[in-house]
Amino acid sequence: MSIRLHDLPIRRKLLILTLASTASALVFSSGGFVIWDIVQLASGIRQTTQAQAKLVADSGAAAVEFGIDETADETLQALNRLDHLQAGCLYRLSDKSLLAKYQRGRSCPAALPDAADTGFSWSGFGVVENVIATGVTEVPREGKAVGWLYLERDIDDIYARLRVEGLTVLGLLLLAIVISFLLSSRLQRAVADPLLELAETTRRISSSRDYSLRAIPHSQDEVGVVVHAVNDMLDRIGERTTELSKANAELEHEVQERRRVEGERVAALERERDANRLKDEFLATLSHELRTPLNAVLGWTRVLRTARVEPATQARALESIERNARVQARLIEDLLEVSRIVTGKLRLRMGETDLATIVDEAAEVVQPAAAAKRLRLTLRIDARPAMTAGDADRLQQVVWNLLSNAVKFTPPDGQVIVTLERRDGYRLTVRDTGPGIDVKFVPFVFEPFRQADGSIGREHGGLGLGLAIAKRLVELHGGTIGTHAAAEGTGAVFEVHLPSVIDAPAGDRRRLLPRDRREPVAVGTFLRDVYVLVVDDEEDARALLETALTGFGAEVTTVATVDEALKEIDRHAPDVLLSDIGMPLEDGYALIQQLRARPAARGGSIPAIAVTAYASSRDRRLAEAAGYQDHIAKPFEPADVARAVARVRRR
Amino acid sequence: MRITLLGLVLPGLLLGAQTTSDEYDLKAAYLFSFLKYVEWPSPSSGPLVVCVTQSNPFGSRFKETMTGDVNGRTVEPRVIRSPDPGCHALFIPRGVAARPLLKVAQSSATLTVGESRDFIAQGGMINFVMQGSKLRFEIDAETAERAGVRISAQLLRLRLVPGGEQP
């Protein structure tokens with residue numbers, strides 16, 4: 001039952017509580033009152049009855065004493081005036097036998113009842129009184145008993161009183177329950193409604209998981225406190241949920257970021273592996289490309305030294321050696337160029353340049369090769385002059401590369417068409433009738449070390465650097481280079497776009513061309529009356545330079561160390577100083593610094609040229625900064641050296 | 001002790017009065033009991049003197065019965081030869097000349113008890129009458145009143161009215 005009471009709704013509990021407390025309060029208070037009242041009544045009855053008994057006993061004392069029963073009867077008749085008295089009995093003193101009796105509802109016991117049996121019982125109240133003779137004045141006083149009186153009365157008045165009071169209490173109880181029921185429904189509303197509302201709100205929140213719902217406080221009591229506490233808790237839960245979802249989102253984002261980074265890492269790894277593979281391929285190619293011309297050089301050299309050869313064969317051998325050596329030099333130059341591109345050190349010497357002239361000259365260069373394959377080389381130059389801002393040498397390198405590629409890949413009897421038009425800047429298109437470019441290879445055409453055919457047994461030579469260099473050069477000019485992804489077999493199309501246009505009349509076209517190329521170099525006389533001092537620790541280099549410069553008519557002295565050079569200058573100051581850079585003990589920088597530290601009279605201003613295998617642009621700058629007027633990279637063309645000597649001497 | 005004694009003595013007295021001695025035993029007891037329902041003029045302290053003439057019909061029983069106290073006063077039995085004004089109560093047996101005794105008694109507030117047919121007429125106050133086997137008594141309250149002896153109404157209710165039955 002108590003468990004059930006626990007599980008009852010609060011309204012029901014409150015109702016039961018109110019009714020139970022009301023009822024019990026009423027029952028206890030009225031019960032107490034009734035008991036008190038009945039006890040009072042009973043004690044009143046006892047007193048009254050005893051007083052009556054005393055009165056009767058006194059008035060009947062003489063009759064008892066003298067045994068006059070009719071008078072005793074008479075005396076007892078007075079009892080009929082008393083309500084509730086049911087019996088009155090007088091007993092003799094001698095043998096306690098019945099002397100006289102008055103009987104209404106009860107009958108008198110034959111013998112005097114024991115005093116212990118008298119008093120209140122369920123049926124009534126009995127009292128035994130001594131019958132004592134009183135004097136004339138009938139003033140009650142001490143005396144000897146002359147007999148006994150037994151009175152018995154009913155207690156119907158007590159029962160009646162109990163009935164009336166019981167019914168009153170019952171009526172009051174009913175009334176109180178009705179009133180307290182009515183009151184409690186109001187009280188319930190004050191107590192239970194906020195609780196029920198709170199319960200409903202929390203139920204809604206727990207079922208909908210909507211933590212933005214709030215309970216509305218209606219009162220400042222404990223329920224109000226609970227409502228505030230719940231709201232606080234909801235606030236915190238809401239905040240925590242927000243934080244949690246934010247953290248979740250961040251976590252999600254982090255996971256995605258990691259996945260992305262991981263993907264990138266994998267891709268980078270892939271690229272690196274790819275790059276490594278390409279480098280391996282490239283190294284194999286490089287090795288092959290370097291060995292191939294070397295083979296011709298060394299082979300023919302051995303043939304020339306060991307066998308007696310016909311003059312015609314000798315001429316062919318020399319021609320082959322020179323060509324192959326040039327190819328190798330070209331390869332090395334390309335490698336350095338790529339290195340510069342990769343390290344971002346490629347610099348342009350910007351100037352006004354005529355693209356039309358550059359195209360003319362490039363075509364001129366490849367013309368012999370084209371003619372050898374019976375290729376028809378067609379130039380369509382719409383803009384002439386086509387002035388642009390750029391490095392003439394580099395632009396020519398680009399055009400030459402495209403043209404030589406076209407010639408190289410186009411089979412005999414094919415056609416190569418070069419178009420230069422002025423449209424949104426300049427557009428140069430080189431189109432051939434070769435096999436074209438594999439669609440799959442198109443995206444990689446301009447990447448360094450890439451070749452469509454990376455195998456050893458490939459048909460075409462080369463390191464695959466030309467287009468990568470060309471692309472970089474064009475981009476340095478702010479332009480773009482691209483190839484159409486045409487189907488294989490319809491020929492390759494390369495297009496270069498240069499945005500820079502200079503609307504100027506044709507300038508000095510000679511400026512645009514390599515200067516030394518225009519200078520005639522006459523063997524035997526070009527450097528007549530020029531005294532050149534050559535400093536190089538290498539015997540071969542000294543011999544080569546001496547032979548070459550002597551061939552152009554110069555007078556040459558060679559020394560192997562810086563110290564010897566300075567002594568020779570003291571002895572006989574040369575017109576031009578040629579010095580290696582990398583030498584044991586003191587290098588070329590030390591030499592030029594010591595020389596430049598001297599006064600002019602002691603050779604301090606003698607023009608000097610660095611001739612070194614340190615061939616990068618940085619090396620060139622270092623050399624010029626140290627005091628050299630020019631810088632020539634090994635291997636060198638004898639004619640180039642002669643021109644450089646002539647040039648620095650003229651200054 | 002006296003109650004016990006009385007309790008033992010009275011029943012026998014009340015039940016049977018066949019013999020003379022039994023009759024006088026009862027009359028002695030009645031006489032003693034009358035004292036309880038009578039009030040004398042002052043002084044109200046001191047012993048209650050109960051007298052009987054020299055012809056004492058009670059014999060030795062008289063002194064035996066008249067002992068103890070009534071309403072706080074000691075009862076003192078006394079046998080007299082001549083009228084004695086010191087008596088509170090006086091029993092005048094049959095055959096004794098009552099008049100001189102009654103005259104003294106009337107003036108000394110003495111309750112007079114007799115047993116002759118004309119005792120009331122002669123000026124007595126209470127007179128024993130045998131009614132069948134039962135002992136009853138007549139009372140002349142006016143005589144007693146005149147003498148200054150007050151007799152309780154309770155006792156009066158028990159009296160026989162001279163010359164007729166009490167209703």
# chains A, B, ... in the order shown; residues from 1 in each chain; ligands from 1
$ select_by_dssp --residues "segment 3-166 of chain B" --states "strand (DSSP E)" --output "JSON list (two decimals) with all heavy atoms, in the first residue's frame"
[["chain", "number", "residue", "atom", "x", "y", "z"],
["B", 38, "VAL", "N", -33.42, 11.80, 68.30],
["B", 38, "VAL", "CA", -33.95, 12.79, 69.23],
["B", 38, "VAL", "C", -32.88, 13.83, 69.51],
["B", 38, "VAL", "O", -31.69, 13.51, 69.54],
["B", 38, "VAL", "CB", -34.39, 12.11, 70.56],
["B", 38, "VAL", "CG1", -34.83, 13.14, 71.60],
["B", 38, "VAL", "CG2", -35.53, 11.13, 70.30],
["B", 39, "GLU", "N", -33.39, 15.07, 69.70],
["B", 39, "GLU", "CA", -32.44, 16.14, 70.00],
["B", 39, "GLU", "C", -32.92, 16.88, 71.25],
["B", 39, "GLU", "O", -34.09, 17.22, 71.34],
["B", 39, "GLU", "CB", -32.34, 17.10, 68.82],
["B", 39, "GLU", "CG", -30.99, 17.75, 68.72],
["B", 39, "GLU", "CD", -30.90, 18.52, 67.41],
["B", 39, "GLU", "OE1", -30.52, 17.89, 66.36],
["B", 39, "GLU", "OE2", -31.22, 19.72, 67.38],
["B", 48, "LEU", "N", -25.17, 11.07, 77.48],
["B", 48, "LEU", "CA", -26.62, 10.95, 77.35],
["B", 48, "LEU", "C", -27.08, 9.96, 78.44],
["B", 48, "LEU", "O", -26.67, 8.78, 78.37],
["B", 48, "LEU", "CB", -27.01, 10.42, 75.98],
["B", 48, "LEU", "CG", -27.14, 11.43, 74.83],
["B", 48, "LEU", "CD1", -27.46, 10.67, 73.53],
["B", 48, "LEU", "CD2", -28.23, 12.44, 75.12],
["B", 49, "VAL", "N", -27.83, 10.41, 79.37],
["B", 49, "VAL", "CA", -28.25, 9.55, 80.50],
["B", 49, "VAL", "C", -29.59, 8.89, 80.18],
["B", 49, "VAL", "O", -30.57, 9.57, 79.90],
["B", 49, "VAL", "CB", -28.36, 10.37, 81.80],
["B", 49, "VAL", "CG1", -28.78, 9.47, 82.98],
["B", 49, "VAL", "CG2", -27.04, 11.06, 82.09],
["B", 50, "VAL", "N", -29.58, 7.55, 80.14],
["B", 50, "VAL", "CA", -30.80, 6.80, 79.91],
["B", 50, "VAL", "C", -31.21, 6.14, 81.24],
["B", 50, "VAL", "O", -30.40, 5.41, 81.82],
["B", 50, "VAL", "CB", -30.59, 5.72, 78.82],
["B", 50, "VAL", "CG1", -31.89, 4.96, 78.58],
["B", 50, "VAL", "CG2", -30.08, 6.35, 77.54],
["B", 51, "CYS", "N", -32.44, 6.46, 81.63],
["B", 51, "CYS", "CA", -32.86, 5.98, 82.95],
["B", 51, "CYS", "C", -33.97, 4.95, 82.85],
["B", 51, "CYS", "O", -34.72, 4.91, 81.86],
["B", 51, "CYS", "CB", -33.37, 7.15, 83.78],
["B", 51, "CYS", "SG", -32.15, 8.46, 84.00],
["B", 52, "VAL", "N", -34.05, 4.11, 83.89],
["B", 52, "VAL", "CA", -35.16, 3.16, 84.02],
["B", 52, "VAL", "C", -35.54, 3.11, 85.51],
["B", 52, "VAL", "O", -34.68, 3.32, 86.37],
["B", 52, "VAL", "CB", -34.76, 1.75, 83.48],
["B", 52, "VAL", "CG1", -33.68, 1.10, 84.36],
["B", 52, "VAL", "CG2", -35.98, 0.84, 83.38],
["B", 53, "THR", "N", -36.88, 2.91, 85.75],
["B", 53, "THR", "CA", -37.30, 2.88, 87.14],
["B", 53, "THR", "C", -36.75, 1.64, 87.81],
["B", 53, "THR", "O", -36.29, 0.71, 87.15],
["B", 53, "THR", "CB", -38.83, 2.90, 87.22],
["B", 53, "THR", "OG1", -39.34, 1.83, 86.44],
["B", 53, "THR", "CG2", -39.37, 4.23, 86.74],
["B", 69, "ASP", "N", -21.75, 5.17, 72.26],
["B", 69, "ASP", "CA", -22.12, 6.56, 72.12],
["B", 69, "ASP", "C", -23.06, 6.76, 70.97],
["B", 69, "ASP", "O", -23.13, 5.95, 70.04],
["B", 69, "ASP", "CB", -20.89, 7.46, 72.00],
["B", 69, "ASP", "CG", -19.96, 7.02, 70.91],
["B", 69, "ASP", "OD1", -20.44, 6.95, 69.71],
["B", 69, "ASP", "OD2", -18.78, 6.76, 71.17],
["B", 70, "VAL", "N", -23.80, 7.84, 71.05],
["B", 70, "VAL", "CA", -24.75, 8.20, 69.99],
["B", 70, "VAL", "C", -24.49, 9.65, 69.60],
["B", 70, "VAL", "O", -24.44, 10.51, 70.46],
["B", 70, "VAL", "CB", -26.19, 8.02, 70.51],
["B", 70, "VAL", "CG1", -27.17, 8.67, 69.54],
["B", 70, "VAL", "CG2", -26.52, 6.55, 70.70],
["B", 73, "ARG", "N", -22.03, 11.36, 71.62],
["B", 73, "ARG", "CA", -22.20, 11.48, 73.07],
["B", 73, "ARG", "C", -22.26, 10.09, 73.71],
["B", 73, "ARG", "O", -22.85, 9.16, 73.15],
["B", 73, "ARG", "CB", -23.49, 12.24, 73.39],
["B", 73, "ARG", "CG", -23.51, 13.64, 72.80],
["B", 73, "ARG", "CD", -24.80, 14.34, 73.02],
["B", 73, "ARG", "NE", -24.98, 14.80, 74.39],
["B", 73, "ARG", "CZ", -25.98, 15.57, 74.78],
["B", 73, "ARG", "NH1", -26.90, 15.97, 73.89],
["B", 73, "ARG", "NH2", -26.09, 15.94, 76.03],
["B", 74, "THR", "N", -21.56, 9.99, 74.85],
["B", 74, "THR", "CA", -21.54, 8.70, 75.55],
["B", 74, "THR", "C", -22.91, 8.44, 76.18],
["B", 74, "THR", "O", -23.56, 9.36, 76.70],
["B", 74, "THR", "CB", -20.47, 8.73, 76.66],
["B", 74, "THR", "OG1", -19.27, 9.18, 76.09],
["B", 74, "THR", "CG2", -20.28, 7.35, 77.27],
["B", 75, "VAL", "N", -23.34, 7.16, 76.06],
["B", 75, "VAL", "CA", -24.62, 6.80, 76.66],
["B", 75, "VAL", "C", -24.35, 6.26, 78.07],
["B", 75, "VAL", "O", -23.43, 5.47, 78.26],
["B", 75, "VAL", "CB", -25.34, 5.74, 75.80],
["B", 75, "VAL", "CG1", -26.64, 5.30, 76.48],
["B", 75, "VAL", "CG2", -25.61, 6.29, 74.40],
["B", 76, "GLU", "N", -25.13, 6.77, 78.97],
["B", 76, "GLU", "CA", -24.93, 6.36, 80.39],
["B", 76, "GLU", "C", -26.24, 5.78, 80.96],
["B", 76, "GLU", "O", -27.24, 6.49, 81.07],
["B", 76, "GLU", "CB", -24.50, 7.58, 81.22],
["B", 76, "GLU", "CG", -24.09, 7.23, 82.64],
["B", 76, "GLU", "CD", -23.86, 8.49, 83.47],
["B", 76, "GLU", "OE1", -23.15, 9.42, 82.98],
["B", 76, "GLU", "OE2", -24.42, 8.58, 84.59],
["B", 77, "PRO", "N", -26.26, 4.51, 81.28],
["B", 77, "PRO", "CA", -27.46, 3.92, 81.86],
["B", 77, "PRO", "C", -27.58, 4.29, 83.36],
["B", 77, "PRO", "O", -26.57, 4.43, 84.06],
["B", 77, "PRO", "CB", -27.21, 2.41, 81.66],
["B", 77, "PRO", "CG", -25.75, 2.25, 81.61],
["B", 77, "PRO", "CD", -25.17, 3.52, 81.11],
["B", 78, "ARG", "N", -28.80, 4.42, 83.78],
["B", 78, "ARG", "CA", -29.02, 4.79, 85.20],
["B", 78, "ARG", "C", -30.38, 4.21, 85.65],
["B", 78, "ARG", "O", -31.36, 4.37, 84.93],
["B", 78, "ARG", "CB", -29.02, 6.30, 85.36],
["B", 78, "ARG", "CG", -29.06, 6.76, 86.81],
["B", 78, "ARG", "CD", -29.12, 8.28, 86.88],
["B", 78, "ARG", "NE", -27.89, 8.94, 86.41],
["B", 78, "ARG", "CZ", -27.76, 10.27, 86.32],
["B", 78, "ARG", "NH1", -28.79, 11.06, 86.60],
["B", 78, "ARG", "NH2", -26.63, 10.80, 85.90],
["B", 79, "VAL", "N", -30.33, 3.54, 86.80],
["B", 79, "VAL", "CA", -31.58, 3.06, 87.40],
["B", 79, "VAL", "C", -31.96, 4.04, 88.51],
["B", 79, "VAL", "O", -31.12, 4.35, 89.37],
["B", 79, "VAL", "CB", -31.41, 1.63, 87.97],
["B", 79, "VAL", "CG1", -32.69, 1.14, 88.65],
["B", 79, "VAL", "CG2", -30.99, 0.66, 86.87],
["B", 80, "ILE", "N", -33.21, 4.55, 88.47],
["B", 80, "ILE", "CA", -33.59, 5.59, 89.43],
["B", 80, "ILE", "C", -34.70, 5.08, 90.35],
["B", 80, "ILE", "O", -35.51, 4.24, 89.95],
["B", 80, "ILE", "CB", -34.06, 6.86, 88.71],
["B", 80, "ILE", "CG1", -35.20, 6.54, 87.71],
["B", 80, "ILE", "CG2", -32.89, 7.50, 87.97],
["B", 80, "ILE", "CD1", -35.87, 7.75, 87.15],
["B", 89, "ALA", "N", -33.39, 10.31, 78.76],
["B", 89, "ALA", "CA", -34.50, 9.46, 78.37],
["B", 89, "ALA", "C", -34.90, 8.63, 79.60],
["B", 89, "ALA", "O", -34.05, 8.28, 80.41],
["B", 89, "ALA", "CB", -34.09, 8.56, 77.21],
["B", 90, "LEU", "N", -36.21, 8.32, 79.71],
["B", 90, "LEU", "CA", -36.69, 7.55, 80.87],
["B", 90, "LEU", "C", -37.69, 6.53, 80.39],
["B", 90, "LEU", "O", -38.65, 6.84, 79.69],
["B", 90, "LEU", "CB", -37.36, 8.52, 81.87],
["B", 90, "LEU", "CG", -38.09, 7.86, 83.05],
["B", 90, "LEU", "CD1", -37.13, 7.08, 83.96],
["B", 90, "LEU", "CD2", -38.85, 8.94, 83.87],
["B", 91, "PHE", "N", -37.39, 5.23, 80.73],
["B", 91, "PHE", "CA", -38.35, 4.18, 80.41],
["B", 91, "PHE", "C", -39.21, 3.94, 81.63],
["B", 91, "PHE", "O", -38.69, 3.70, 82.71],
["B", 91, "PHE", "CB", -37.62, 2.89, 79.99],
["B", 91, "PHE", "CG", -38.54, 1.79, 79.59],
["B", 91, "PHE", "CD1", -39.25, 1.85, 78.38],
["B", 91, "PHE", "CD2", -38.76, 0.69, 80.42],
["B", 91, "PHE", "CE1", -40.10, 0.83, 78.01],
["B", 91, "PHE", "CE2", -39.63, -0.33, 80.05],
["B", 91, "PHE", "CZ", -40.31, -0.26, 78.83],
["B", 92, "ILE", "N", -40.53, 3.98, 81.42],
["B", 92, "ILE", "CA", -41.46, 3.76, 82.52],
["B", 92, "ILE", "C", -42.20, 2.47, 82.24],
["B", 92, "ILE", "O", -43.08, 2.42, 81.34],
["B", 92, "ILE", "CB", -42.46, 4.93, 82.64],
["B", 92, "ILE", "CG1", -41.68, 6.26, 82.82],
["B", 92, "ILE", "CG2", -43.45, 4.71, 83.80],
["B", 92, "ILE", "CD1", -42.52, 7.50, 82.72],
["B", 111, "LEU", "N", -36.97, 12.59, 77.46],
["B", 111, "LEU", "CA", -37.80, 11.79, 76.55],
["B", 111, "LEU", "C", -38.39, 10.65, 77.36],
["B", 111, "LEU", "O", -37.64, 9.87, 77.96],
["B", 111, "LEU", "CB", -36.93, 11.25, 75.40],
["B", 111, "LEU", "CG", -37.63, 10.31, 74.42],
["B", 111, "LEU", "CD1", -38.61, 11.09, 73.53],
["B", 111, "LEU", "CD2", -36.62, 9.56, 73.55],
["B", 112, "THR", "N", -39.73, 10.56, 77.32],
["B", 112, "THR", "CA", -40.36, 9.53, 78.12],
["B", 112, "THR", "C", -40.86, 8.43, 77.23],
["B", 112, "THR", "O", -41.48, 8.69, 76.18],
["B", 112, "THR", "CB", -41.52, 10.12, 78.93],
["B", 112, "THR", "OG1", -42.39, 10.81, 78.05],
["B", 112, "THR", "CG2", -41.03, 11.06, 80.01],
["B", 113, "VAL", "N", -40.54, 7.16, 77.61],
["B", 113, "VAL", "CA", -40.96, 6.00, 76.82],
["B", 113, "VAL", "C", -41.70, 5.05, 77.76],
["B", 113, "VAL", "O", -41.22, 4.77, 78.86],
["B", 113, "VAL", "CB", -39.72, 5.27, 76.22],
["B", 113, "VAL", "CG1", -40.18, 4.06, 75.40],
["B", 113, "VAL", "CG2", -38.90, 6.22, 75.39],
["B", 114, "GLY", "N", -42.90, 4.61, 77.28],
["B", 114, "GLY", "CA", -43.68, 3.74, 78.12],
["B", 114, "GLY", "C", -44.20, 2.53, 77.37],
["B", 114, "GLY", "O", -43.90, 2.34, 76.18],
["B", 126, "ILE", "N", -43.40, 8.51, 73.89],
["B", 126, "ILE", "CA", -43.37, 7.35, 73.00],
["B", 126, "ILE", "C", -43.90, 6.16, 73.78],
["B", 126, "ILE", "O", -43.50, 5.95, 74.93],
["B", 126, "ILE", "CB", -41.94, 7.06, 72.52],
["B", 126, "ILE", "CG1", -41.38, 8.25, 71.71],
["B", 126, "ILE", "CG2", -41.90, 5.78, 71.68],
["B", 126, "ILE", "CD1", -39.96, 8.08, 71.26],
["B", 127, "ASN", "N", -44.79, 5.40, 73.12],
["B", 127, "ASN", "CA", -45.39, 4.25, 73.78],
["B", 127, "ASN", "C", -45.30, 3.02, 72.90],
["B", 127, "ASN", "O", -45.72, 3.03, 71.75],
["B", 127, "ASN", "CB", -46.86, 4.57, 74.09],
["B", 127, "ASN", "CG", -47.49, 3.48, 74.96],
["B", 127, "ASN", "OD1", -46.80, 2.88, 75.80],
["B", 127, "ASN", "ND2", -48.76, 3.22, 74.78],
["B", 128, "PHE", "N", -44.58, 1.93, 73.42],
["B", 128, "PHE", "CA", -44.49, 0.68, 72.68],
["B", 128, "PHE", "C", -45.83, 0.02, 72.58],
["B", 128, "PHE", "O", -46.59, -0.03, 73.52],
["B", 128, "PHE", "CB", -43.51, -0.28, 73.38],
["B", 128, "PHE", "CG", -42.07, 0.12, 73.22],
["B", 128, "PHE", "CD1", -41.31, 0.41, 74.35],
["B", 128, "PHE", "CD2", -41.49, 0.16, 71.96],
["B", 128, "PHE", "CE1", -39.98, 0.77, 74.21],
["B", 128, "PHE", "CE2", -40.16, 0.51, 71.86],
["B", 128, "PHE", "CZ", -39.40, 0.83, 72.95],
["B", 129, "VAL", "N", -46.13, -0.50, 71.38],
["B", 129, "VAL", "CA", -47.39, -1.22, 71.16],
["B", 129, "VAL", "C", -47.03, -2.51, 70.41],
["B", 129, "VAL", "O", -46.29, -2.48, 69.45],
["B", 129, "VAL", "CB", -48.38, -0.39, 70.31],
["B", 129, "VAL", "CG1", -49.64, -1.20, 70.00],
["B", 129, "VAL", "CG2", -48.73, 0.92, 70.99],
["B", 130, "MET", "N", -47.50, -3.66, 70.86],
["B", 130, "MET", "CA", -47.27, -4.91, 70.14],
["B", 130, "MET", "C", -48.36, -5.07, 69.09],
["B", 130, "MET", "O", -49.54, -4.96, 69.40],
["B", 130, "MET", "CB", -47.31, -6.11, 71.13],
["B", 130, "MET", "CG", -46.07, -6.26, 72.01],
["B", 130, "MET", "SD", -44.53, -6.25, 71.09],
["B", 130, "MET", "CE", -44.68, -7.81, 70.26],
["B", 131, "GLN", "N", -48.01, -5.21, 67.91],
["B", 131, "GLN", "CA", -48.99, -5.38, 66.81],
["B", 131, "GLN", "C", -48.69, -6.74, 66.20],
["B", 131, "GLN", "O", -47.76, -6.89, 65.38],
["B", 131, "GLN", "CB", -48.82, -4.27, 65.76],
["B", 131, "GLN", "CG", -50.03, -4.09, 64.89],
["B", 131, "GLN", "CD", -49.91, -2.83, 64.06],
["B", 131, "GLN", "OE1", -48.99, -2.69, 63.27],
["B", 131, "GLN", "NE2", -50.85, -1.90, 64.29],
["B", 134, "LYS", "N", -45.10, -8.04, 65.90],
["B", 134, "LYS", "CA", -44.20, -6.93, 65.66],
["B", 134, "LYS", "C", -44.32, -5.87, 66.73],
["B", 134, "LYS", "O", -45.42, -5.56, 67.19],
["B", 134, "LYS", "CB", -44.49, -6.29, 64.30],
["B", 134, "LYS", "CG", -43.97, -7.12, 63.16],
["B", 134, "LYS", "CD", -44.15, -6.39, 61.82],
["B", 134, "LYS", "CE", -43.55, -7.15, 60.71],
["B", 134, "LYS", "NZ", -43.78, -6.46, 59.42],
["B", 135, "LEU", "N", -43.15, -5.29, 67.07],
["B", 135, "LEU", "CA", -43.12, -4.19, 68.04],
["B", 135, "LEU", "C", -43.18, -2.88, 67.28],
["B", 135, "LEU", "O", -42.35, -2.62, 66.43],
["B", 135, "LEU", "CB", -41.83, -4.27, 68.87],
["B", 135, "LEU", "CG", -41.64, -3.19, 69.91],
["B", 135, "LEU", "CD1", -42.71, -3.28, 71.01],
["B", 135, "LEU", "CD2", -40.24, -3.25, 70.51],
["B", 136, "ARG", "N", -44.28, -2.10, 67.67],
["B", 136, "ARG", "CA", -44.40, -0.78, 67.05],
["B", 136, "ARG", "C", -44.51, 0.26, 68.15],
["B", 136, "ARG", "O", -44.47, -0.07, 69.33],
["B", 136, "ARG", "CB", -45.62, -0.72, 66.12],
["B", 136, "ARG", "CG", -45.60, -1.75, 65.01],
["B", 136, "ARG", "CD", -44.46, -1.48, 64.01],
["B", 136, "ARG", "NE", -44.60, -0.21, 63.35],
["B", 136, "ARG", "CZ", -45.25, 0.02, 62.18],
["B", 136, "ARG", "NH1", -45.84, -1.01, 61.57],
["B", 136, "ARG", "NH2", -45.30, 1.19, 61.64],
["B", 137, "PHE", "N", -44.62, 1.50, 67.76],
["B", 137, "PHE", "CA", -44.69, 2.53, 68.82],
["B", 137, "PHE", "C", -45.53, 3.70, 68.39],
["B", 137, "PHE", "O", -45.69, 3.98, 67.20],
["B", 137, "PHE", "CB", -43.29, 2.99, 69.23],
["B", 137, "PHE", "CG", -42.39, 3.29, 68.05],
["B", 137, "PHE", "CD1", -42.42, 4.52, 67.39],
["B", 137, "PHE", "CD2", -41.50, 2.31, 67.59],
["B", 137, "PHE", "CE1", -41.60, 4.77, 66.33],
["B", 137, "PHE", "CE2", -40.69, 2.58, 66.52],
["B", 137, "PHE", "CZ", -40.72, 3.80, 65.87],
["B", 138, "GLU", "N", -46.12, 4.37, 69.42],
["B", 138, "GLU", "CA", -46.89, 5.59, 69.18],
["B", 138, "GLU", "C", -46.01, 6.75, 69.63],
["B", 138, "GLU", "O", -45.17, 6.59, 70.50],
["B", 138, "GLU", "CB", -48.19, 5.60, 70.01],
["B", 138, "GLU", "CG", -49.14, 4.46, 69.72],
["B", 138, "GLU", "CD", -50.20, 4.33, 70.82],
["B", 138, "GLU", "OE1", -49.86, 4.61, 72.00],
["B", 138, "GLU", "OE2", -51.32, 3.96, 70.50],
["B", 139, "ILE", "N", -46.21, 7.93, 69.04],
["B", 139, "ILE", "CA", -45.42, 9.09, 69.43],
["B", 139, "ILE", "C", -46.36, 10.28, 69.56],
["B", 139, "ILE", "O", -47.18, 10.53, 68.67],
["B", 139, "ILE", "CB", -44.35, 9.42, 68.39],
["B", 139, "ILE", "CG1", -43.32, 8.29, 68.29],
["B", 139, "ILE", "CG2", -43.62, 10.73, 68.76],
["B", 139, "ILE", "CD1", -42.33, 8.48, 67.15],
["B", 150, "ARG", "N", -36.91, 17.38, 70.72],
["B", 150, "ARG", "CA", -37.29, 17.35, 69.30],
["B", 150, "ARG", "C", -37.10, 15.94, 68.76],
["B", 150, "ARG", "O", -36.01, 15.34, 68.90],
["B", 150, "ARG", "CB", -36.46, 18.33, 68.52],
["B", 150, "ARG", "CG", -36.79, 19.78, 68.89],
["B", 150, "ARG", "CD", -36.00, 20.72, 68.01],
["B", 150, "ARG", "NE", -36.35, 20.59, 66.61],
["B", 150, "ARG", "CZ", -35.58, 20.99, 65.61],
["B", 150, "ARG", "NH1", -34.40, 21.52, 65.88],
["B", 150, "ARG", "NH2", -35.99, 20.87, 64.37],
["B", 151, "ILE", "N", -38.16, 15.42, 68.15],
["B", 151, "ILE", "CA", -38.10, 14.05, 67.62],
["B", 151, "ILE", "C", -38.00, 14.13, 66.10],
["B", 151, "ILE", "O", -38.72, 14.88, 65.46],
["B", 151, "ILE", "CB", -39.33, 13.26, 68.04],
["B", 151, "ILE", "CG1", -39.37, 13.13, 69.58],
["B", 151, "ILE", "CG2", -39.32, 11.85, 67.42],
["B", 151, "ILE", "CD1", -40.61, 12.47, 70.11]]
$ residues_around --residues "segment 399-406 of chain A" --least-positions-apart "2" --cutoff "9 Å" --atoms "only C-alpha atoms" --output "list in words"
Ile358, Val359, Glu361, Ala362, Ala363, Val365, Val366, Ala369, Ala370, Arg394, Leu395, Gln396, Gln397, Lys408, Phe409, Thr410, Val416, Val418, Leu428, Val430, Arg431, Asp432, Thr433, Gly434, Gly466, Leu467, Ala470, Ala492 and Phe494 of chain A
$ residues_around --residues "Thr480 of chain A" --least-positions-apart "3" --cutoff "8 Å" --atoms "only C-alpha atoms" --output "list of chain:residue names"
A:Lys471, A:Val474, A:Glu475, A:Val496, A:His497, A:Leu498
$ residues_around --residues "segment 380-384 of chain A" --least-positions-apart "2" --cutoff "7 Å" --atoms "only C-alpha atoms" --output "ChimeraX atom specification"
/A:356,378,386,418-422
$ residues_around --residues "Glu564 of chain A" --least-positions-apart "5" --cutoff "9 Å" --atoms "only C-alpha atoms" --output "PyMOL selection string"
chain A and resi 535+559+569
$ residues_around --residues "Arg99 of chain B" --least-positions-apart "3" --cutoff "7 Å" --atoms "only C-alpha atoms" --output "number ranges by chain"
B: 102-103, 122
